[in-house]
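See below for final_28.cif, which holds mmCIF, C-alpha atoms.
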data_query
loop_
_atom_site.label_atom_id
_atom_site.label_comp_id
_atom_site.auth_asym_id
_atom_site.auth_seq_id
_atom_site.Cartn_x
_atom_site.Cartn_y
_atom_site.Cartn_z
CA MET Q 169 171.95 170.99 114.56
CA SER Q 170 169.31 172.71 116.70
CA THR Q 171 166.67 171.91 114.06
CA ILE Q 172 167.60 168.21 114.22
CA VAL Q 173 167.42 168.22 118.03
CA LYS Q 174 164.01 169.93 117.97
CA LYS Q 175 162.75 167.38 115.45
CA GLN Q 176 164.05 164.52 117.60
CA ASP Q 177 162.36 165.97 120.68
CA SER Q 178 159.12 166.41 118.74
CA ASN Q 179 159.26 162.78 117.61
CA PHE Q 180 160.00 161.64 121.16
CA TYR Q 181 157.00 163.45 122.68
CA LYS Q 182 154.74 162.16 119.89
CA THR Q 183 155.89 158.60 120.56
CA ALA Q 184 156.02 158.75 124.35
CA SER Q 185 152.99 160.89 125.23
CA PRO Q 186 150.28 158.15 125.00
CA LEU Q 187 152.05 156.04 127.62
CA ILE Q 188 152.89 159.08 129.76
CA ILE Q 189 149.17 159.99 129.72
CA SER Q 190 148.34 156.40 130.67
CA VAL Q 191 150.70 156.49 133.65
CA PHE Q 192 149.31 159.88 134.76
CA ILE Q 193 145.74 158.56 134.73
CA ILE Q 194 146.64 155.45 136.70
CA TYR Q 195 148.46 157.44 139.37
CA LEU Q 196 145.55 159.84 139.43
CA THR Q 197 143.43 156.90 140.64
CA ILE Q 198 146.02 156.18 143.33
CA GLY Q 199 145.86 159.80 144.49
CA ILE Q 200 142.06 159.73 144.51
CA ALA Q 201 142.09 156.61 146.69
CA ILE Q 202 144.62 158.10 149.13
CA GLY Q 203 142.47 161.23 149.41
CA VAL Q 204 139.28 159.48 150.59
CA ILE Q 205 140.13 156.05 151.99
CA PRO Q 206 141.74 157.14 155.31
CA LYS Q 207 138.64 159.15 156.20
CA PHE Q 208 136.38 156.26 155.13
CA VAL Q 209 138.24 153.78 157.36
CA SER Q 210 138.38 156.17 160.32
CA ASN Q 211 134.98 157.89 160.19
CA ASP Q 212 132.68 155.40 158.45
CA LEU Q 213 134.16 152.07 159.53
CA LYS Q 214 135.31 153.43 162.94
CA TYR Q 215 138.78 151.88 162.92
CA SER Q 216 141.95 153.24 164.55
CA SER Q 217 144.76 155.15 162.92
CA PHE Q 218 146.83 151.95 163.05
CA ILE Q 219 144.31 150.20 160.79
CA VAL Q 220 144.25 153.27 158.53
CA GLY Q 221 148.03 152.93 158.19
CA ILE Q 222 147.73 149.24 157.26
CA VAL Q 223 145.06 149.97 154.64
CA VAL Q 224 147.12 152.73 153.04
CA GLY Q 225 150.45 150.89 153.24
CA ILE Q 226 149.35 147.47 152.00
CA GLN Q 227 149.08 148.74 148.42
CA PHE Q 228 152.74 149.80 148.38
CA PHE Q 229 153.76 146.44 149.87
CA SER Q 230 151.75 144.71 147.13
CA THR Q 231 153.51 146.82 144.49
CA LEU Q 232 156.93 145.98 145.96
CA ILE Q 233 156.32 142.23 146.00
CA SER Q 234 154.81 142.08 142.51
CA ARG Q 235 157.32 144.24 140.59
CA PRO Q 236 159.93 141.52 139.83
CA TYR Q 237 157.27 139.05 138.65
CA ILE Q 238 155.55 141.71 136.52
CA GLY Q 239 158.87 142.62 134.92
CA LYS Q 240 159.52 138.99 134.01
CA ARG Q 241 155.99 138.68 132.67
CA CYS Q 242 156.55 141.69 130.39
CA ASP Q 243 159.67 140.06 128.99
CA ILE Q 244 157.95 136.74 128.31
CA HIS Q 245 154.44 137.77 127.20
CA GLY Q 246 155.08 141.28 125.87
CA VAL Q 247 154.63 144.76 127.30
CA LYS Q 248 151.44 145.65 125.42
CA SER Q 249 149.42 142.72 126.72
CA SER Q 250 150.73 143.31 130.27
CA HIS Q 251 149.82 146.99 130.07
CA LEU Q 252 146.30 146.41 128.79
CA GLN Q 253 145.68 143.66 131.35
CA GLY Q 254 146.88 146.03 134.07
CA ILE Q 255 144.35 148.65 132.93
CA ILE Q 256 141.53 146.08 133.04
CA LEU Q 257 142.68 145.00 136.52
CA MET Q 258 142.61 148.66 137.58
CA MET Q 259 138.98 148.94 136.46
CA ILE Q 260 138.13 145.81 138.46
CA THR Q 261 139.85 147.41 141.45
CA GLY Q 262 137.49 150.39 141.19
CA VAL Q 263 134.49 148.02 141.30
CA ILE Q 264 135.87 146.32 144.43
CA TYR Q 265 136.42 149.72 146.06
CA CYS Q 266 132.77 150.58 145.39
CA LEU Q 267 131.68 147.26 146.88
CA SER Q 268 133.63 148.04 150.04
CA ALA Q 269 131.99 151.48 150.30
CA ALA Q 270 128.55 149.90 149.86
CA LEU Q 271 129.24 147.51 152.76
CA TYR Q 272 130.01 150.27 155.28
CA ARG Q 273 127.25 149.03 157.62
CA GLN Q 274 129.30 145.83 158.06
CA PRO Q 275 132.68 147.29 159.04
CA LEU Q 276 134.70 144.07 159.22
CA LEU Q 277 133.48 142.80 155.85
CA ALA Q 278 133.97 146.24 154.29
CA LEU Q 279 137.52 146.36 155.67
CA MET Q 280 138.38 142.91 154.28
CA VAL Q 281 137.05 143.88 150.84
CA LEU Q 282 138.95 147.17 151.02
CA LEU Q 283 142.22 145.42 151.87
CA PHE Q 284 141.68 143.08 148.92
CA ALA Q 285 141.09 146.10 146.67
CA ARG Q 286 144.30 147.73 147.88
CA ILE Q 287 146.31 144.58 147.12
CA ILE Q 288 144.83 144.34 143.61
CA HIS Q 289 145.45 148.09 143.14
CA GLY Q 290 149.14 147.59 143.93
CA ILE Q 291 149.46 144.72 141.44
CA ALA Q 292 147.67 146.73 138.72
CA GLU Q 293 149.90 149.74 139.38
CA SER Q 294 152.98 147.54 139.06
CA MET Q 295 151.76 145.99 135.79
CA ILE Q 296 151.02 149.37 134.23
CA LEU Q 297 154.16 151.23 135.34
CA VAL Q 298 156.73 148.53 134.55
CA SER Q 299 155.15 147.78 131.17
CA ALA Q 300 154.80 151.50 130.34
CA VAL Q 301 158.47 152.28 131.03
CA THR Q 302 159.71 149.16 129.19
CA TRP Q 303 157.32 149.77 126.28
CA ASN Q 304 158.27 153.44 125.99
CA ILE Q 305 162.00 152.65 125.98
CA GLY Q 306 161.35 150.08 123.25
CA LEU Q 307 159.47 152.62 121.13
CA ALA Q 308 161.71 155.66 121.77
CA GLY Q 309 165.01 153.76 121.80
CA SER Q 310 167.37 152.92 124.64
CA GLN Q 311 169.32 156.12 123.92
CA ARG Q 312 166.27 158.02 125.27
CA SER Q 313 165.77 155.81 128.35
CA GLY Q 314 166.64 158.62 130.79
CA LYS Q 315 164.15 160.96 129.13
CA VAL Q 316 161.48 158.24 129.21
CA MET Q 317 161.97 157.62 132.94
CA SER Q 318 162.04 161.34 133.71
CA TRP Q 319 158.65 161.92 132.09
CA ASN Q 320 157.14 158.79 133.58
CA GLY Q 321 158.21 160.13 136.98
CA ILE Q 322 156.51 163.46 136.28
CA ALA Q 323 153.33 161.58 135.32
CA MET Q 324 153.50 159.48 138.50
CA TYR Q 325 154.05 162.28 141.00
CA GLY Q 326 151.79 164.66 139.09
CA GLY Q 327 148.92 162.16 139.09
CA MET Q 328 149.20 161.46 142.80
CA ALA Q 329 149.65 165.14 143.68
CA PHE Q 330 146.54 166.10 141.71
CA GLY Q 331 144.39 163.09 142.60
CA ALA Q 332 144.45 163.36 146.39
CA PRO Q 333 143.27 167.01 146.68
CA LEU Q 334 140.80 166.42 143.84
CA SER Q 335 139.02 163.64 145.73
CA ILE Q 336 139.11 165.63 148.98
CA GLU Q 337 137.53 168.64 147.24
CA MET Q 338 134.88 166.47 145.58
CA ALA Q 339 133.90 165.10 148.99
CA LYS Q 340 134.13 168.37 150.92
CA VAL Q 341 133.02 171.09 148.52
CA TYR Q 342 130.66 169.19 146.24
CA ASN Q 343 129.46 166.77 148.93
CA MET Q 344 129.95 163.73 146.70
CA SER Q 345 129.66 160.32 148.31
CA ILE Q 346 132.72 158.11 148.60
CA THR Q 347 130.97 155.52 146.39
CA PHE Q 348 130.61 158.05 143.57
CA ILE Q 349 134.22 159.20 143.93
CA LEU Q 350 135.52 155.63 143.87
CA ALA Q 351 133.28 154.85 140.89
CA ILE Q 352 135.27 157.45 138.92
CA MET Q 353 138.21 155.04 139.27
CA VAL Q 354 136.31 152.51 137.16
CA VAL Q 355 135.97 155.01 134.32
CA LEU Q 356 139.36 156.75 134.38
CA PRO Q 357 141.39 153.73 133.19
CA LEU Q 358 139.37 153.85 129.95
CA ILE Q 359 141.39 156.97 129.05
CA SER Q 360 144.58 154.94 129.52
CA LEU Q 361 143.14 152.19 127.36
CA LEU Q 362 142.18 154.59 124.56
CA SER Q 363 145.54 156.39 124.63
CA THR Q 364 147.60 153.21 124.26
CA ILE Q 365 145.44 150.67 122.40
CA LYS Q 366 146.76 151.68 118.94
CA LEU Q 367 150.43 151.77 119.91
CA PRO Q 368 152.55 149.07 118.21
CA ALA Q 369 153.53 146.10 120.33
CA ILE Q 370 157.20 145.32 120.97
CA LYS Q 371 157.97 141.93 119.50
CA VAL Q 372 159.08 139.31 122.03
CA ASP Q 373 162.17 137.41 120.91
CA GLU Q 374 161.30 133.85 121.94
CA THR Q 375 164.44 132.37 120.35
CA LYS Q 376 166.78 133.94 122.91
CA VAL Q 377 167.78 131.88 125.94
CA ARG Q 378 166.41 133.49 129.09
CA THR Q 379 168.98 134.96 131.44
CA PRO Q 380 168.88 133.38 134.94
CA PHE Q 381 167.07 135.57 137.46
CA LEU Q 382 170.04 135.87 139.84
CA LYS Q 383 172.27 137.00 136.98
CA ILE Q 384 169.81 139.83 136.22
CA VAL Q 385 169.83 140.78 139.90
CA ARG Q 386 173.63 140.97 139.92
CA ARG Q 387 173.63 143.24 136.86
CA MET Q 388 171.42 145.88 138.44
CA LEU Q 389 172.06 145.35 142.15
CA ARG Q 390 174.44 148.29 142.62
CA GLN Q 391 172.10 150.68 140.82
CA GLY Q 392 169.09 149.36 142.78
CA ILE Q 393 170.82 149.77 146.14
CA GLY Q 394 171.96 153.26 145.12
CA LEU Q 395 168.38 154.18 144.22
CA GLY Q 396 167.07 152.79 147.50
CA LEU Q 397 169.59 154.74 149.58
CA ALA Q 398 168.93 157.96 147.65
CA THR Q 399 165.18 157.50 148.14
CA ILE Q 400 165.51 157.51 151.93
CA GLY Q 401 166.05 161.30 151.92
CA TYR Q 402 162.81 161.73 149.99
CA GLY Q 403 161.12 159.29 152.38
CA CYS Q 404 162.24 161.39 155.35
CA ILE Q 405 160.50 164.43 153.89
CA VAL Q 406 157.31 162.53 153.09
CA SER Q 407 157.16 160.80 156.48
CA PHE Q 408 158.50 163.36 158.94
CA ILE Q 409 158.64 166.93 157.66
CA THR Q 410 155.16 167.72 159.06
CA LEU Q 411 156.07 166.29 162.48
CA TYR Q 412 159.45 168.05 162.35
CA PHE Q 413 157.73 171.39 161.75
CA MET Q 414 155.32 170.67 164.60
CA GLU Q 415 158.21 169.75 166.91
CA LYS Q 416 159.88 173.09 166.11
CA ASN Q 417 156.59 175.06 166.24
CA TRP Q 418 157.13 176.24 162.66
CA GLY Q 419 153.51 175.88 161.61
CA ASN Q 420 152.16 174.12 158.53
CA ALA Q 421 154.67 172.18 156.45
CA SER Q 422 152.63 172.35 153.23
CA LEU Q 423 155.02 174.94 151.73
CA ALA Q 424 157.92 172.54 152.29
CA PHE Q 425 156.10 169.83 150.34
CA ALA Q 426 155.20 172.30 147.61
CA VAL Q 427 158.78 173.62 147.21
CA PHE Q 428 160.15 170.07 147.08
CA GLY Q 429 157.60 169.08 144.41
CA ILE Q 430 158.09 172.20 142.29
CA CYS Q 431 161.90 171.85 142.29
CA TYR Q 432 161.65 168.13 141.55
CA ILE Q 433 159.34 168.59 138.56
CA LEU Q 434 161.13 171.64 137.11
CA VAL Q 435 164.46 169.78 137.05
CA ARG Q 436 162.82 166.87 135.24
CA ILE Q 437 161.16 169.17 132.70
CA PHE Q 438 164.21 171.26 131.84
CA PHE Q 439 167.03 168.75 132.35
CA ASP Q 440 165.38 165.46 131.36
CA SER Q 441 167.97 164.80 128.63
CA LEU Q 442 171.07 165.09 130.85
CA PRO Q 443 171.35 161.37 131.82
CA ASP Q 444 171.16 160.35 128.15
CA LYS Q 445 173.54 163.10 127.01
CA TYR Q 446 176.25 162.88 129.68
CA GLY Q 447 175.69 159.39 131.08
CA GLY Q 448 173.89 158.34 134.22
CA TYR Q 449 176.98 157.97 136.38
CA ILE Q 450 178.15 161.60 136.49
CA ILE Q 451 174.60 162.99 136.69
CA VAL Q 452 173.78 160.72 139.63
CA LEU Q 453 176.95 161.66 141.51
CA ILE Q 454 176.20 165.38 141.11
CA SER Q 455 172.57 164.77 142.10
CA LEU Q 456 173.59 162.84 145.23
CA ILE Q 457 175.92 165.66 146.30
CA ILE Q 458 173.06 168.15 145.91
CA GLU Q 459 170.62 165.88 147.78
CA THR Q 460 173.13 165.42 150.62
CA ILE Q 461 173.46 169.20 150.96
CA GLY Q 462 169.66 169.54 150.99
CA GLN Q 463 169.27 166.93 153.74
CA ALA Q 464 172.04 168.53 155.81
CA ILE Q 465 170.39 171.96 155.52
CA ILE Q 466 167.10 170.49 156.79
CA GLY Q 467 168.92 168.72 159.64
CA PHE Q 468 170.82 171.82 160.75
CA SER Q 469 168.02 174.32 160.04
CA PRO Q 470 167.78 177.08 162.63
CA THR Q 471 164.56 178.44 161.05
CA ARG Q 472 161.55 177.33 159.02
CA THR Q 473 162.90 179.13 155.93
CA PHE Q 474 166.13 177.14 155.96
CA ALA Q 475 164.18 173.88 156.27
CA ILE Q 476 162.04 174.80 153.26
CA ILE Q 477 165.17 175.70 151.24
CA GLY Q 478 166.63 172.31 152.23
CA CYS Q 479 163.49 170.57 150.93
CA GLY Q 480 163.84 172.42 147.62
CA ILE Q 481 167.51 171.48 147.26
CA THR Q 482 166.63 167.86 148.11
CA GLY Q 483 164.03 167.94 145.34
CA ILE Q 484 166.63 169.24 142.86
CA GLY Q 485 169.08 166.50 143.85
CA PHE Q 486 166.62 163.61 143.98
CA SER Q 487 164.91 164.44 140.69
CA LEU Q 488 167.38 162.85 138.23
CA ILE Q 489 168.60 159.95 140.37
CA TYR Q 490 165.92 157.49 139.23
CA PRO Q 491 166.40 158.16 135.48
CA GLY Q 492 170.18 158.51 135.91
CA LEU Q 493 170.65 155.12 137.54
CA GLY Q 494 167.94 153.73 135.27
CA VAL Q 495 170.07 154.57 132.23
CA LEU Q 496 172.85 152.44 133.72
CA VAL Q 497 170.41 149.55 134.23
CA VAL Q 498 169.19 149.81 130.62
CA ASN Q 499 172.76 149.91 129.29
CA ARG Q 500 173.65 146.75 131.24
CA THR Q 501 170.66 144.67 130.10
CA GLU Q 502 169.45 143.27 126.79
CA PRO Q 503 165.94 144.14 125.53
CA GLN Q 504 164.60 140.65 126.26
CA ILE Q 505 165.32 140.97 130.02
CA ARG Q 506 164.77 144.71 130.36
CA GLY Q 507 161.32 144.44 131.92
CA THR Q 508 162.60 142.13 134.66
CA ALA Q 509 165.59 144.39 135.35
CA LEU Q 510 163.50 147.58 135.51
CA GLY Q 511 160.91 145.88 137.71
CA LEU Q 512 163.60 144.82 140.17
CA TYR Q 513 165.19 148.27 139.98
CA ALA Q 514 161.94 150.05 140.86
CA ALA Q 515 161.34 147.63 143.75
CA PHE Q 516 164.30 149.15 145.59
CA LEU Q 517 162.51 152.51 145.62
CA ASP Q 518 159.36 150.91 147.07
CA PHE Q 519 161.39 149.05 149.69
CA ALA Q 520 163.24 152.20 150.74
CA LEU Q 521 160.00 154.11 151.22
CA GLY Q 522 158.61 151.18 153.21
CA ILE Q 523 161.48 151.03 155.72
CA THR Q 524 162.09 154.77 156.10
CA GLY Q 525 158.92 155.29 158.16
CA PRO Q 526 159.55 152.73 160.92
CA LEU Q 527 163.33 153.27 160.98
CA GLY Q 528 162.95 157.06 161.12
CA GLY Q 529 160.24 156.70 163.75
CA LEU Q 530 162.66 154.84 166.03
CA ILE Q 531 165.36 157.48 165.52
CA ALA Q 532 162.86 160.27 166.27
CA TRP Q 533 161.70 158.42 169.40
CA TRP Q 534 165.26 158.08 170.69
CA LEU Q 535 166.55 161.48 169.53
CA SER Q 536 164.46 163.90 167.41
CA TYR Q 537 162.90 164.28 163.96
CA GLN Q 538 165.71 166.64 163.02
CA VAL Q 539 168.28 163.88 163.40
CA ASN Q 540 166.54 161.81 160.69
CA TYR Q 541 167.84 164.15 158.00
CA LEU Q 542 171.40 163.82 159.28
CA LEU Q 543 171.58 160.13 160.23
CA LEU Q 544 169.20 158.73 157.63
CA GLY Q 545 169.01 161.21 154.76
CA SER Q 546 172.55 162.57 154.48
CA ILE Q 547 174.42 159.40 155.38
CA SER Q 548 172.28 157.32 153.01
CA CYS Q 549 173.21 159.63 150.14
CA LEU Q 550 176.90 159.35 151.01
CA LEU Q 551 176.62 155.55 151.09
CA ALA Q 552 174.88 155.65 147.69
CA MET Q 553 177.84 157.60 146.26
CA ILE Q 554 180.28 155.00 147.58
CA ILE Q 555 178.26 152.04 146.27
CA ILE Q 556 177.70 153.31 142.73
CA SER Q 557 181.35 154.42 142.48
CA TYR Q 558 182.75 151.07 143.65
CA LYS Q 559 184.04 149.06 140.66
CA ARG Q 560 182.19 151.43 138.40
CA ASN Q 561 182.80 149.50 135.20
CA SER Q 562 182.16 146.03 136.62
#
Have the structure of the file written as structure tokens, please.
Amino acid sequence: MSTIVKKQDSNFYKTASPLIISVFIIYLTIGIAIGVIPKFVSNDLKYSSFIVGIVVGIQFFSTLISRPYIGKRCDIHGVKSSHLQGIILMMITGVIYCLSAALYRQPLLALMVLLFARIIHGIAESMILVSAVTWNIGLAGSQRSGKVMSWNGIAMYGGMAFGAPLSIEMAKVYNMSITFILAIMVVLPLISLLSTIKLPAIKVDETKVRTPFLKIVRRMLRQGIGLGLATIGYGCIVSFITLYFMEKNWGNASLAFAVFGICYILVRIFFDSLPDKYGGYIIVLISLIIETIGQAIIGFSPTRTFAIIGCGITGIGFSLIYPGLGVLVVNRTEPQIRGTALGLYAAFLDFALGITGPLGGLIAWWLSYQVNYLLLGSISCLLAMIIISYKRNS
């Protein structure tokens, strides 16, 4: 039995790795951009931190808006063509970034070009991620959908986590210009292209009657809302843990980020098969309980150490929620509408991250950053448990 399992795992990694590499490379470009663009807007173009926030955030808004359309496009035109077109669009994005950097002597024009690049970057990211997940599930089989989403998540977060410090080091240590760093983003997508170009396409069944859009929404709405609510705890850490540590005079919060990331990735590496093996429902409920405990520990932390432990427990809990709920989405949708469903599903994560910042900022203004982890993080997880448990089999 163990020999069969090992052979199945070997076949999975052989099938899935080209698309996982592709996703890693694309999110590496996103990390590279995040590492240098804020400084470019602030120091070179001389704009305020508010404008910096708009430039950084507009890509994620673009991704959110485009996900449902991209999912539908994958279902109609095929995942391979959508993926390859997304890679080409990513290369064009790198060219537009370079044009913006070259126009730094004309700040307003450079800013407009940069905003356009960020919008295109978000659309390209959406095309590549949605098509990669749908394509990989089609190649590996729906019974491995949780494993596929787990490894795509590792590629996403790993690419961003490595890309940002890489670009910062290139600029600081090696004194590379922002134009040269952004030009790397034109070349990197070629690796994605080479890794996926020979993969077989998934045949589009054009004889099937297309399911109405609202019917698809109804099928995955509970899972999408559950994902969005669970993501708020993660959003609280991303948005406010540094300010929380500053408020408490606990020093640098980098260790908190690191512990969260390490716990998150280790769970995905060692327990990536659990949603497929035991079903998404039970794994998600256990994960939400763990995440709730983590958020509560952060909220009630008397010391820096407790807050860091809470971040680690949150990472353990949050890690399998996306693939766990994703398995439920896959099981409730036919292959010909899977891209649309997964695109809509992922949009809830983007939306949750988008609203956590302003909502948590208001709570912190009225009360404190600490309260965010109790009112937003913990309660959101509890609501997610209620929503995904309600009429479970409906």
- Message: Just the number, please: distance in Å from atom CA of Q:Thr261 to atom CA of Q:Ile359, one decimal.
- Response: 15.7 Å
- Query: In Å to one decimal, how far is atom CA of Q:Asp444 from atom CA of Q:Met295?
  - Reply: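 One can read the atom CA of Q:Met295 to atom CA of Q:Asp444 distance as 25.3 Å.
Matched in the shown structure by the PyMOL selection byres ((chain Q and resi 468-482) around 7): Trp418, Ala424, Val427, Phe428, Cys431, Ile458, Glu459, Gly462, Gln463, Ala464, Ile465, Ile466, Gly467, Gly483, Ile484, Gly485 and Phe486 of chain Q.
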- Query: Which one is closest to Q:Leu277: Q:Ile437, Q:Ala426, Q:Leu213, Q:Leu521? Count only C-alpha atoms.
  - Reply: Q:Leu213
- Item | Selection near Q:Leu252, 8 Å with all atoms listed in the file, sequence-local residues under 5 positions removed, as a PyMOL selection string | chain Q and resi 296+361+365
Suppose we keep C-alpha atoms; can you now write the selection as a short mmCIF file (atom, residue, chain, number, x, y, z; two decimals), keeping the file's coordinate frame?
data_model
loop_
_atom_site.label_atom_id
_atom_site.label_comp_id
_atom_site.auth_asym_id
_atom_site.auth_seq_id
_atom_site.Cartn_x
_atom_site.Cartn_y
_atom_site.Cartn_z
CA ILE Q 296 151.02 149.37 134.23
CA LEU Q 361 143.14 152.19 127.36
CA ILE Q 365 145.44 150.67 122.40
#
- Message: Take the PyMOL selection byres ((chain Q and resi 542) around 12), run it mentally on this structure, and tell me the resulting residues as a ChimeraX atom specification.
- Response: /Q:400-401,404,459-469,528,531-532,535-541,543-550
- Distance criterion (all atoms listed in the file): nearest to Q:Val435 out of Q:Gln253, Q:Asn420, Q:Thr399, Q:Ser318: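 Among Q:Gln253, Q:Asn420, Q:Thr399, Q:Ser318, it is Q:Ser318 that comes nearest to Q:Val435.
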May I have the residues at most 12 Å from (131.8, 148.6, 156.1) in the file's coordinates, counting all atoms listed in the file, as a tab-separated table (two decimals) with C-alpha atoms, in the frame of the given file?
chain	number	residue	atom	x	y	z
Q	205	ILE	CA	140.13	156.05	151.99
Q	208	PHE	CA	136.38	156.26	155.13
Q	209	VAL	CA	138.24	153.78	157.36
Q	210	SER	CA	138.38	156.17	160.32
Q	211	ASN	CA	134.98	157.89	160.19
Q	212	ASP	CA	132.68	155.40	158.45
Q	213	LEU	CA	134.16	152.07	159.53
Q	214	LYS	CA	135.31	153.43	162.94
Q	215	TYR	CA	138.78	151.88	162.92
Q	265	TYR	CA	136.42	149.72	146.06
Q	266	CYS	CA	132.77	150.58	145.39
Q	267	LEU	CA	131.68	147.26	146.88
Q	268	SER	CA	133.63	148.04	150.04
Q	269	ALA	CA	131.99	151.48	150.30
Q	270	ALA	CA	128.55	149.90	149.86
Q	271	LEU	CA	129.24	147.51	152.76
Q	272	TYR	CA	130.01	150.27	155.28
Q	273	ARG	CA	127.25	149.03	157.62
Q	274	GLN	CA	129.30	145.83	158.06
Q	275	PRO	CA	132.68	147.29	159.04
Q	276	LEU	CA	134.70	144.07	159.22
Q	277	LEU	CA	133.48	142.80	155.85
Q	278	ALA	CA	133.97	146.24	154.29
Q	279	LEU	CA	137.52	146.36	155.67
Q	280	MET	CA	138.38	142.91	154.28
Q	281	VAL	CA	137.05	143.88	150.84
Q	282	LEU	CA	138.95	147.17	151.02
Q	283	LEU	CA	142.22	145.42	151.87
Q	347	THR	CA	130.97	155.52	146.39
- Quote the spacing between atom CA of Q:Arg387 and atom CA of Q:Thr524 in Å to one decimal place.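 About the pair atom CA of Q:Arg387 and atom CA of Q:Thr524: they are 25.2 Å apart.
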- Item | Residue neighbourhood Q:Ala201, 10 Å, all atoms listed in the file, exclusion window fewer than 5 positions, as a PyMOL selection string | chain Q and resi 195-196+206+224+262+265+286+289+328+331-332+335-336+346+349-350+353
- Message: Need the shell around Q:Phe425: protein/DNA/RNA residues with any atom at most 8 Å away, counting all atoms listed in the file. Skip same-chain ones fewer than 3 positions apart. Format as a ChimeraX atom specification?
- Response: /Q:405-406,421-422,428-429,479
Evaluate the PyMOL selection byres ((chain Q and resi 391) around 9) and record the selected residues as a CSV table (one decimal) with C-alpha atoms, in the coordinates of the input, following the chain and residue labels used in the document.
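Written out: out_35.csv:
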chain,number,residue,atom,x,y,z
Q,387,ARG,CA,173.6,143.2,136.9
Q,388,MET,CA,171.4,145.9,138.4
Q,389,LEU,CA,172.1,145.4,142.2
Q,390,ARG,CA,174.4,148.3,142.6
Q,392,GLY,CA,169.1,149.4,142.8
Q,393,ILE,CA,170.8,149.8,146.1
Q,394,GLY,CA,172.0,153.3,145.1
Q,395,LEU,CA,168.4,154.2,144.2
Q,396,GLY,CA,167.1,152.8,147.5
Q,493,LEU,CA,170.6,155.1,137.5
Q,494,GLY,CA,167.9,153.7,135.3
Q,496,LEU,CA,172.8,152.4,133.7
Q,497,VAL,CA,170.4,149.6,134.2
Q,513,TYR,CA,165.2,148.3,140.0
Q,552,ALA,CA,174.9,155.6,147.7
Q,555,ILE,CA,178.3,152.0,146.3
Q,556,ILE,CA,177.7,153.3,142.7
Taking all listed atoms of stretch 543-561 of chain Q, build the axis-aligned box, pad each of the six sides by 4 Å, then write its centre and edge lengths in Å to one decimal as JSON.
{"center_x": 176.5, "center_y": 155.8, "center_z": 147.7, "size_x": 23.0, "size_y": 21.5, "size_z": 33.0}
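Using only C-alpha atoms, the residues found no farther than 8 Å from stretch 236-247 of chain Q, other than those of its own chain fewer than 5 positions away, are Ser294, Met295, Val298, Ser299, Ala300, Thr302, Trp303, Ala369, Ile370, Lys371, Val372, Glu374, Gln504, Ile505, Arg506, Gly507, Thr508, Ala509, Leu510, Gly511, Leu512 and Ala515 of chain Q.
Selection around (148.1, 143.4, 153.8) with radius 10 Å, counting only C-alpha atoms, yields the residues Ile222, Val223, Val224, Gly225, Ile226, Gln227, Phe228, Phe229, Ser230, Met280, Leu283, Phe284, Arg286 and Ile287 of chain Q.
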- Query: Skipping near chain neighbours, those fewer than 2 positions away, what residues fall within 7 Å of Q:Gly314 using all atoms listed in the file, listed as a PyMOL selection string?
  - Reply: chain Q and resi 312+316-318+440-441+443-444+491-492+494-495
- From Q:Leu367, Q:Leu358, Q:Leu232, Q:Leu411, residue lying nearest Q:Ala520 [all atoms listed in the file]: Q:Leu232
- Message: Considering all atoms listed in the file, can you say which of Q:Leu397, Q:Ile193, Q:Ile264, Q:Leu297 comes closest to Q:Thr231?
- Response: Q:Leu297
- May I ask which of the residues Q:Ser487, Q:Thr501, Q:Ser249, Q:Ser313 is the closest one to Q:Tyr402, counting all atoms listed in the file?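 When distances to Q:Tyr402 are compared using all atoms listed in the file, the smallest one comes from Q:Ser487.
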- Message: When you count only C-alpha atoms, which of these residues is closest to Q:Leu551: Q:Ile384, Q:Glu337, Q:Leu456, Q:His251?
- Response: Q:Leu456
